[in-house]
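Source file: input-v4.txt; contents: compact mmCIF, C-alpha atoms.
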# COMPACT_ATOMS: atom_id res chain seq x y z
CA MET A 1 271.40 141.25 96.75
CA PRO A 2 270.00 137.73 97.45
CA ASN A 3 268.47 135.86 94.62
CA ALA A 4 264.70 136.28 94.71
CA GLY A 5 264.17 132.99 92.89
CA PRO A 6 261.91 132.33 89.92
CA ALA A 7 258.83 134.50 89.46
CA PRO A 8 255.55 132.88 90.53
CA PRO A 9 253.50 131.35 87.68
CA THR A 10 250.77 133.56 86.26
CA ALA A 11 247.08 132.72 86.65
CA ALA A 12 246.92 131.76 82.97
CA ALA A 13 249.90 129.45 83.37
CA MET A 14 248.36 127.76 86.41
CA THR A 15 245.07 127.30 84.55
CA ASP A 16 246.94 125.69 81.67
CA LEU A 17 248.83 123.42 84.09
CA ALA A 18 245.53 122.41 85.71
CA ARG A 19 244.07 121.62 82.29
CA GLN A 20 247.12 119.52 81.45
CA ALA A 21 247.01 117.70 84.81
CA GLY A 22 243.31 116.98 84.38
CA PHE A 23 243.89 115.56 80.91
CA ALA A 24 246.70 113.29 82.13
CA GLN A 25 244.54 112.10 85.03
CA CYS A 26 241.69 111.32 82.62
CA VAL A 27 243.99 109.19 80.44
CA THR A 28 245.21 107.20 83.46
CA LEU A 29 241.74 106.64 84.92
CA LEU A 30 240.21 105.76 81.56
CA ARG A 31 242.78 103.05 80.98
CA LYS A 32 241.90 101.53 84.36
CA THR A 33 238.17 101.83 83.70
CA LEU A 34 238.38 100.20 80.27
CA ARG A 35 240.03 97.18 81.81
CA LEU A 36 236.68 96.49 83.51
CA ALA A 37 234.77 96.40 80.20
CA PRO A 38 234.81 92.55 80.02
CA VAL A 39 232.80 92.56 83.25
CA GLY A 40 230.10 94.46 81.38
CA TRP A 41 230.21 91.94 78.53
CA ILE A 42 229.71 89.10 81.02
CA LEU A 43 226.76 90.92 82.61
CA VAL A 44 225.09 91.52 79.24
CA ALA A 45 225.73 87.93 78.15
CA TRP A 46 224.22 86.62 81.39
CA LEU A 47 221.14 88.83 81.01
CA ALA A 48 220.67 88.11 77.29
CA TRP A 49 221.46 84.39 77.25
CA GLY A 50 218.50 82.53 75.81
CA ARG A 51 216.56 85.76 75.23
CA THR A 52 218.36 87.04 72.12
CA PRO A 53 220.03 85.21 69.19
CA ALA A 54 223.45 83.95 70.19
CA ALA A 55 224.91 85.16 66.87
CA ASN A 56 223.80 88.72 67.64
CA LEU A 57 225.32 88.56 71.11
CA ALA A 58 228.59 87.15 69.76
CA THR A 59 228.73 89.83 67.05
CA TRP A 60 228.28 92.61 69.59
CA ILE A 61 230.99 91.23 71.89
CA GLY A 62 233.31 90.73 68.91
CA ILE A 63 232.91 94.31 67.66
CA PHE A 64 233.27 95.63 71.19
CA ALA A 65 236.43 93.57 71.75
CA VAL A 66 238.10 94.99 68.62
CA LEU A 67 237.30 98.59 69.57
CA TRP A 68 238.27 97.90 73.18
CA LEU A 69 241.71 96.57 72.21
CA ALA A 70 242.27 99.53 69.90
CA ASN A 71 241.42 101.89 72.75
CA LEU A 72 243.78 100.15 75.19
CA VAL A 73 246.62 100.36 72.67
CA THR A 74 245.96 104.07 72.17
CA LEU A 75 245.86 104.81 75.91
CA HIS A 76 249.00 102.76 76.52
CA ARG A 77 250.79 104.79 73.85
CA LEU A 78 249.60 108.07 75.37
CA GLU A 79 250.78 107.08 78.85
CA ARG A 80 254.19 105.98 77.62
CA ALA A 81 254.71 109.23 75.70
CA GLY A 82 253.33 111.36 78.54
CA PRO A 83 249.84 112.72 77.86
CA GLN A 84 249.82 116.23 76.37
CA VAL A 85 246.42 117.82 75.99
CA ASP A 86 247.24 119.95 72.94
CA ARG A 87 248.80 116.99 71.14
CA ASP A 88 246.73 114.04 72.32
CA ALA A 89 243.20 115.44 72.73
CA PRO A 90 242.01 114.01 69.35
CA ALA A 91 243.27 110.55 70.31
CA LEU A 92 241.41 110.62 73.64
CA ILE A 93 238.24 111.86 71.94
CA ARG A 94 238.54 108.95 69.52
CA VAL A 95 238.81 106.51 72.41
CA ALA A 96 235.65 107.95 73.95
CA VAL A 97 233.79 107.77 70.63
CA PHE A 98 234.78 104.14 70.08
CA ASP A 99 233.65 103.25 73.61
CA GLY A 100 230.31 105.02 73.14
CA LEU A 101 229.81 103.43 69.73
CA ALA A 102 230.42 99.94 71.13
CA TRP A 103 227.89 100.37 73.90
CA GLY A 104 225.36 102.04 71.58
CA LEU A 105 225.45 99.00 69.28
CA LEU A 106 223.93 97.05 72.16
CA VAL A 107 220.54 98.41 71.05
CA LEU A 108 220.93 97.27 67.44
CA LEU A 109 222.39 93.80 68.05
CA VAL A 110 221.01 92.62 71.40
CA MET A 111 217.79 94.47 72.15
CA GLY A 112 214.39 94.05 70.47
CA HIS A 113 213.90 90.36 71.24
CA ASP A 114 212.51 90.40 74.77
CA ARG A 115 210.65 93.20 76.57
CA ILE A 116 212.09 92.44 79.99
CA LEU A 117 215.59 92.19 78.54
CA ASP A 118 215.18 95.54 76.79
CA SER A 119 214.35 97.20 80.12
CA TRP A 120 217.36 95.65 81.80
CA LEU A 121 219.70 96.65 78.99
CA ALA A 122 218.40 100.24 79.05
CA VAL A 123 219.38 100.31 82.71
CA VAL A 124 222.80 98.89 81.79
CA LEU A 125 223.37 101.71 79.27
CA CYS A 126 222.48 104.33 81.87
CA GLY A 127 224.74 102.60 84.38
CA VAL A 128 227.64 102.54 81.93
CA VAL A 129 227.42 106.31 81.40
CA SER A 130 227.16 106.92 85.15
CA GLN A 131 230.12 104.61 85.81
CA ASN A 132 232.25 106.50 83.28
CA ALA A 133 231.34 109.98 84.53
CA PRO A 134 234.00 110.12 87.31
CA THR A 135 236.64 108.91 84.85
CA TYR A 136 236.03 111.81 82.47
CA ILE A 137 235.36 114.45 85.12
CA THR A 138 238.75 116.13 84.62
CA TYR A 139 238.39 116.30 80.83
CA ARG A 140 234.78 117.06 79.94
CA PRO A 141 235.13 117.12 76.10
CA ALA A 142 235.88 113.38 76.10
CA PHE A 143 232.80 112.67 78.23
CA ARG A 144 230.62 114.64 75.84
CA ALA A 145 232.10 112.61 72.98
CA LEU A 146 231.32 109.34 74.80
CA VAL A 147 227.71 110.34 75.51
CA ALA A 148 227.15 111.73 72.01
CA ALA A 149 228.49 108.58 70.34
CA MET A 150 226.43 106.28 72.58
CA TRP A 151 223.27 108.39 72.21
CA ALA A 152 223.56 108.71 68.42
CA THR A 153 224.28 105.01 67.90
CA ALA A 154 221.48 103.95 70.24
CA LEU A 155 219.02 106.37 68.59
CA VAL A 156 219.85 105.21 65.07
CA SER A 157 219.72 101.58 66.19
CA ALA A 158 216.32 102.09 67.84
CA THR A 159 215.04 103.60 64.59
CA VAL A 160 216.37 100.66 62.55
CA ILE A 161 214.75 98.01 64.78
CA ALA A 162 211.70 100.07 65.74
CA GLU A 163 209.34 97.40 64.41
CA ARG A 164 210.55 94.78 66.90
CA LEU A 165 211.77 97.05 69.72
CA HIS A 166 209.17 97.51 72.42
CA ALA A 167 208.54 101.17 73.31
CA ALA A 168 211.29 102.46 71.01
CA PRO A 169 210.15 106.13 71.26
CA GLN A 170 210.05 105.93 75.03
CA LEU A 171 213.52 104.35 75.09
CA ALA A 172 214.93 107.07 72.83
CA ALA A 173 213.30 109.85 74.84
CA GLY A 174 214.40 108.39 78.18
CA LEU A 175 218.03 107.98 77.12
CA THR A 176 218.03 111.51 75.66
CA VAL A 177 216.72 113.12 78.83
CA TYR A 178 219.05 111.10 81.06
CA PHE A 179 222.12 111.84 78.97
CA LEU A 180 221.34 115.57 78.77
CA LEU A 181 220.84 115.83 82.53
CA LEU A 182 224.04 113.94 83.22
CA VAL A 183 226.10 116.05 80.82
CA ASN A 184 224.68 119.23 82.33
CA SER A 185 225.42 118.19 85.91
CA MET A 186 228.91 117.05 84.89
CA GLN A 187 229.69 120.54 83.61
CA LEU A 188 229.46 122.19 87.03
CA ILE A 189 231.22 119.32 88.84
CA SER A 190 234.03 119.22 86.29
CA ARG A 191 234.66 122.94 86.63
CA ARG A 192 234.91 122.63 90.40
CA VAL A 193 237.28 119.66 90.16
CA THR A 194 239.48 121.49 87.65
CA GLU A 195 239.48 124.55 89.89
CA GLY A 196 240.53 122.31 92.79
CA ILE A 197 243.41 120.95 90.73
CA ARG A 198 244.47 124.51 89.88
CA LEU A 199 244.41 125.50 93.56
CA GLN A 200 246.47 122.42 94.47
CA LEU A 201 249.05 123.33 91.84
CA GLU A 202 249.15 126.93 93.07
CA ASN A 203 249.61 125.75 96.65
CA ALA A 204 252.38 123.39 95.55
CA ALA A 205 254.08 126.22 93.65
CA LEU A 206 253.82 128.54 96.65
CA ALA A 207 255.16 125.80 98.94
CA GLY A 208 258.09 125.28 96.57
CA GLN A 209 258.85 129.01 96.51
CA LEU A 210 258.65 129.15 100.29
CA GLU A 211 261.02 126.20 100.60
CA VAL A 212 263.51 127.84 98.23
CA ALA A 213 263.26 131.11 100.18
CA LEU A 214 263.77 129.33 103.50
CA GLN A 215 266.74 127.41 102.13
CA GLY A 216 268.21 130.68 100.88
CA MET A 217 267.71 132.31 104.27
CA GLU A 218 269.26 129.30 105.99
CA ARG A 219 272.27 129.46 103.66
CA GLN A 220 272.65 133.16 104.36
CA ALA A 221 272.39 132.56 108.09
CA THR A 222 275.05 129.81 108.09
CA THR A 223 277.41 130.88 105.29
CA ASP A 224 280.19 133.45 105.27
CA PRO A 225 279.23 135.87 102.49
CA LEU A 226 282.83 136.49 101.40
CA THR A 227 284.31 133.01 101.14
CA GLY A 228 281.15 130.90 100.84
CA ARG A 229 282.33 128.73 103.74
CA MET A 230 280.49 128.09 107.01
CA ASN A 231 280.25 130.99 109.43
CA ARG A 232 280.71 131.03 113.21
CA ARG A 233 277.06 130.19 113.84
CA ALA A 234 277.19 127.09 111.65
CA LEU A 235 280.52 126.09 113.21
CA ASP A 236 279.07 126.31 116.72
CA THR A 237 276.18 124.06 115.71
CA LEU A 238 278.51 121.54 114.06
CA LEU A 239 280.87 121.38 117.03
CA ALA A 240 277.96 120.89 119.44
CA ARG A 241 276.79 117.90 117.40
CA TYR A 242 280.27 116.34 117.17
CA ILE A 243 280.93 116.86 120.88
CA GLN A 244 277.61 115.22 121.77
CA GLU A 245 278.51 112.23 119.57
CA GLY A 246 281.94 112.11 121.15
CA ARG A 247 280.50 112.03 124.66
CA GLU A 248 277.70 109.56 123.92
CA ARG A 249 279.40 107.18 121.47
CA GLY A 250 283.08 107.96 121.72
CA ALA A 251 283.18 109.41 118.19
CA ARG A 252 286.61 110.82 117.36
CA PHE A 253 287.31 114.11 115.59
CA ALA A 254 289.96 116.80 115.41
CA LEU A 255 290.04 120.50 114.73
CA LEU A 256 292.45 122.70 112.78
CA MET A 257 292.71 126.43 113.36
CA LEU A 258 294.41 128.27 110.50
CA ASP A 259 295.67 131.86 110.59
CA VAL A 260 297.02 133.73 107.55
CA ASP A 261 300.54 134.98 108.21
CA HIS A 262 301.10 138.76 107.99
CA PHE A 263 297.57 139.37 106.76
CA LYS A 264 297.52 142.92 108.16
CA ARG A 265 300.46 143.74 105.91
CA ILE A 266 298.42 142.63 102.87
CA ASN A 267 295.58 144.96 103.79
CA ASP A 268 297.94 147.84 104.56
CA GLU A 269 300.00 147.52 101.37
CA HIS A 270 297.34 146.45 98.85
CA GLY A 271 294.02 147.42 100.39
CA HIS A 272 291.12 145.46 101.82
CA PRO A 273 289.68 144.38 98.42
CA VAL A 274 292.92 142.53 97.66
CA GLY A 275 292.84 141.08 101.17
CA ASP A 276 289.32 139.80 100.52
CA GLN A 277 290.52 138.21 97.27
CA ALA A 278 293.33 136.51 99.18
CA LEU A 279 290.90 135.05 101.74
CA CYS A 280 288.70 133.64 98.97
CA ARG A 281 291.66 132.04 97.18
CA ILE A 282 292.97 130.58 100.45
CA ALA A 283 289.52 129.11 101.19
CA ASP A 284 289.57 127.52 97.72
CA ARG A 285 292.98 125.94 98.33
CA ILE A 286 291.88 124.62 101.70
CA GLY A 287 288.92 122.96 100.01
CA THR A 288 291.18 121.05 97.61
CA GLN A 289 292.77 119.18 100.52
CA LEU A 290 289.62 118.26 102.46
CA ARG A 291 287.95 114.88 102.42
CA SER A 292 284.28 114.19 101.94
CA GLY A 293 282.65 115.01 105.27
CA ASP A 294 285.27 117.55 106.37
CA SER A 295 284.01 121.06 107.08
CA CYS A 296 285.66 124.46 106.79
CA ALA A 297 284.42 127.65 108.48
CA ARG A 298 285.64 131.21 108.48
CA TYR A 299 286.26 131.81 112.16
CA GLY A 300 287.38 135.42 112.19
CA GLY A 301 288.97 138.04 109.96
CA GLU A 302 291.84 135.92 108.61
CA GLU A 303 291.21 132.74 110.60
CA PHE A 304 289.64 129.51 109.43
CA VAL A 305 288.60 126.44 111.42
CA ILE A 306 288.50 122.99 109.81
CA VAL A 307 286.60 120.15 111.51
CA LEU A 308 287.86 116.66 110.65
CA PRO A 309 285.63 113.75 111.72
CA ARG A 310 286.94 110.23 112.35
CA VAL A 311 290.63 111.20 112.71
CA ASP A 312 293.15 111.39 115.56
CA ALA A 313 295.74 114.09 116.14
CA GLU A 314 298.35 112.42 113.94
CA ALA A 315 296.07 112.06 110.92
CA ALA A 316 294.75 115.59 111.42
CA SER A 317 298.34 116.89 111.48
CA ASP A 318 299.00 115.20 108.12
CA ILE A 319 295.95 116.93 106.61
CA ALA A 320 297.04 120.24 108.14
CA GLU A 321 300.50 119.86 106.61
CA ARG A 322 298.96 119.24 103.18
CA ILE A 323 296.84 122.39 103.56
CA ARG A 324 299.86 124.44 104.67
CA ALA A 325 301.91 123.20 101.72
CA GLU A 326 299.09 123.82 99.24
CA VAL A 327 298.61 127.44 100.35
CA ALA A 328 302.35 128.13 100.16
CA SER A 329 302.90 126.24 96.89
CA ALA A 330 302.37 129.18 94.55
CA PRO A 331 301.26 132.83 94.61
CA LEU A 332 297.51 133.33 94.97
CA ALA A 333 295.49 134.35 91.92
CA THR A 334 294.93 137.86 93.26
CA ARG A 335 295.67 141.25 91.71
CA PRO A 336 298.57 141.54 92.24
CA PRO A 337 299.48 137.85 92.85
CA LEU A 338 300.46 137.31 96.47
CA ALA A 339 302.75 134.72 98.06
CA VAL A 340 300.98 133.78 101.29
CA THR A 341 301.66 131.30 104.09
CA VAL A 342 299.54 130.08 106.99
CA SER A 343 300.12 128.88 110.51
CA ILE A 344 297.94 125.98 111.69
CA GLY A 345 297.15 124.65 115.14
CA VAL A 346 295.85 121.09 115.60
CA ALA A 347 293.71 119.91 118.51
CA GLU A 348 292.07 116.52 118.99
CA TYR A 349 288.78 116.28 120.89
CA ARG A 350 288.86 114.33 124.13
CA ALA A 351 285.90 114.02 126.48
CA PRO A 352 284.83 115.93 128.47
CA MET A 353 286.11 118.93 126.46
CA THR A 354 283.72 121.70 125.48
CA ALA A 355 283.73 123.53 122.18
CA ALA A 356 285.31 126.54 123.87
CA SER A 357 288.13 124.52 125.43
CA LEU A 358 288.82 122.67 122.16
CA LEU A 359 289.00 125.94 120.23
CA ALA A 360 291.23 127.44 122.90
CA ARG A 361 293.67 124.53 122.58
CA ALA A 362 293.84 124.97 118.82
CA ASP A 363 294.24 128.74 119.23
CA ARG A 364 297.18 128.27 121.59
CA ALA A 365 298.77 125.94 119.05
CA VAL A 366 298.37 128.63 116.34
CA TYR A 367 300.15 131.17 118.51
CA ALA A 368 302.91 128.63 119.12
CA ALA A 369 303.26 128.27 115.35
CA LYS A 370 303.45 132.07 115.01
CA ARG A 371 306.12 132.29 117.68
CA GLY A 372 308.02 129.44 116.06
CA GLY A 373 308.45 131.34 112.78
CA ARG A 374 305.06 130.96 111.03
CA ASN A 375 304.28 128.78 107.99
CA ARG A 376 304.11 125.66 110.10
CA VAL A 377 301.77 123.18 111.82
CA VAL A 378 301.73 122.81 115.61
CA LEU A 379 299.92 120.08 117.48
CA ALA A 380 298.35 121.26 120.71
CA ASP A 381 300.54 120.34 123.70
CA SER A 382 303.14 118.85 121.37
CA THR A 383 306.06 119.78 119.16
CA SER A 384 305.77 121.55 115.81
CA PHE A 385 305.82 120.00 112.38
CA GLU A 386 308.46 121.80 110.36
CA PRO A 387 307.51 122.70 106.78
CA SER A 388 309.05 120.72 103.96
CA ARG A 389 312.09 122.43 102.44
Let me see the file written as structure tokens.
Amino acid sequence: MPNAGPAPPTAAAMTDLARQAGFAQCVTLLRKTLRLAPVGWILVAWLAWGRTPAANLATWIGIFAVLWLANLVTLHRLERAGPQVDRDAPALIRVAVFDGLAWGLLVLLVMGHDRILDSWLAVVLCGVVSQNAPTYITYRPAFRALVAAMWATALVSATVIAERLHAAPQLAAGLTVYFLLLVNSMQLISRRVTEGIRLQLENAALAGQLEVALQGMERQATTDPLTGRMNRRALDTLLARYIQEGRERGARFALLMLDVDHFKRINDEHGHPVGDQALCRIADRIGTQLRSGDSCARYGGEEFVIVLPRVDAEAASDIAERIRAEVASAPLATRPPLAVTVSIGVAEYRAPMTAASLLARADRAVYAAKRGGRNRVVLADSTSFEPSR
């Protein structure tokens, strides 16, 4: 019975794979996004220059830079090790918290000195969260951690500097509403994206199973089930390709036809199962003498055809003699062990031969070898090669 291949993954397994793929994607995208953080520092510095104490601005950038470097190191380590959601989720949550904390400190250290600046920086905070949303869309817990850390830090900071922060309650309320709406909308989008990843993985798995099945069917259609060698169909296709190359580019190749001597006697005396064993062992011995690129096919009951590219009749005859000697060198590993010989006909392709005419030439050479006493190699339209004694 043909191998049915591995069982398809269960729905739970595909969901887990989608969760893992989403986590890995989040790690990769977050590392790229964090590299743009210095652009945000430059924007804040440009907006705040001359409107807030330089020491405050420098302190905020310094704290942010330390947390930013720590986050990049963590993400680099995760990518090198290969992100695993069950193992690395706490580390990614920590990265998101540090990022949110750094941006939330903007309220404490930079805001509260200029009303117009405070409005601009509130917009910057909202823009930062919006900019990060696509990065975290495949791993929502980290996005919630980012928003929670930024919101909590900004809220505490607004309380601390409430005396000098213009419209502190309005700022806190506005950020709260915006963050809640964004987190809520992210929930639905994230689920759909994760579901899309799961469907992609399922489609890829189905495509892989289909490819394996098709390859198996192709092997069955082109392989002799007994010996594992090419069958007649595959041989016909191979010969058509070589003949086309020979006609168009003058490519040279030769063909060996091999017939097992007295094979009917083996079946009559020992039974067909032993005969099948003998054919398999003979096919194995043929394979030991073939070069890379040579092909062997089971042509009929006890006949094999070997296609030898890039050789002339003389070189093909040498290979045929090695095969003949190898088969006859020792009894086959059958039950009982059998001493077997083969007769081989050699034919070289010459344009404008067809596959049928080339096979016929080799077949006539095999019969000449049989008539000449068997266990020998005969070159088509030439004299025989006597076996070594």
Which is closest to A:Gly228 among A:Ala145, A:Ala355, A:Cys280, A:Leu43, if we use all atoms listed in the file?
A:Cys280
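Checking A:Leu117, A:Ile243, A:Arg298, A:Ala333 one by one against A:Ser357, counting only C-alpha atoms, you find the shortest gap at A:Ile243.
Closest to A:Leu121 among A:Tyr178, A:Trp46, A:Tyr139, A:Tyr349 is A:Trp46, based on only C-alpha atoms.
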Rank nothing, just name the residue among A:Ala351, A:Gln277, A:Val124, A:Leu308 nearest to A:Pro336, using all atoms listed in the file.
A:Gln277
Hey, what's within 10 Å of A:Leu258 if we count all atoms listed in the file and toss same-chain stuff fewer than 3 positions away? As a PyMOL selection string, please?
chain A and resi 255+261+286+298-299+302-306+320+323-324+342-346+362-363+365-366+377
Is there a way to get, as a count of residues only, all residues within 7 Å of the point (284.7, 123.9, 110.8) in file coordinates, counting all atoms listed in the file?
7
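Computed from the coordinates, the atom CA of A:Ala102 to atom CA of A:Arg19 distance equals 27.9 Å.
One distance worth recording is that between atom CA of A:Val147 and atom CA of A:Gly50, which is 29.3 Å.
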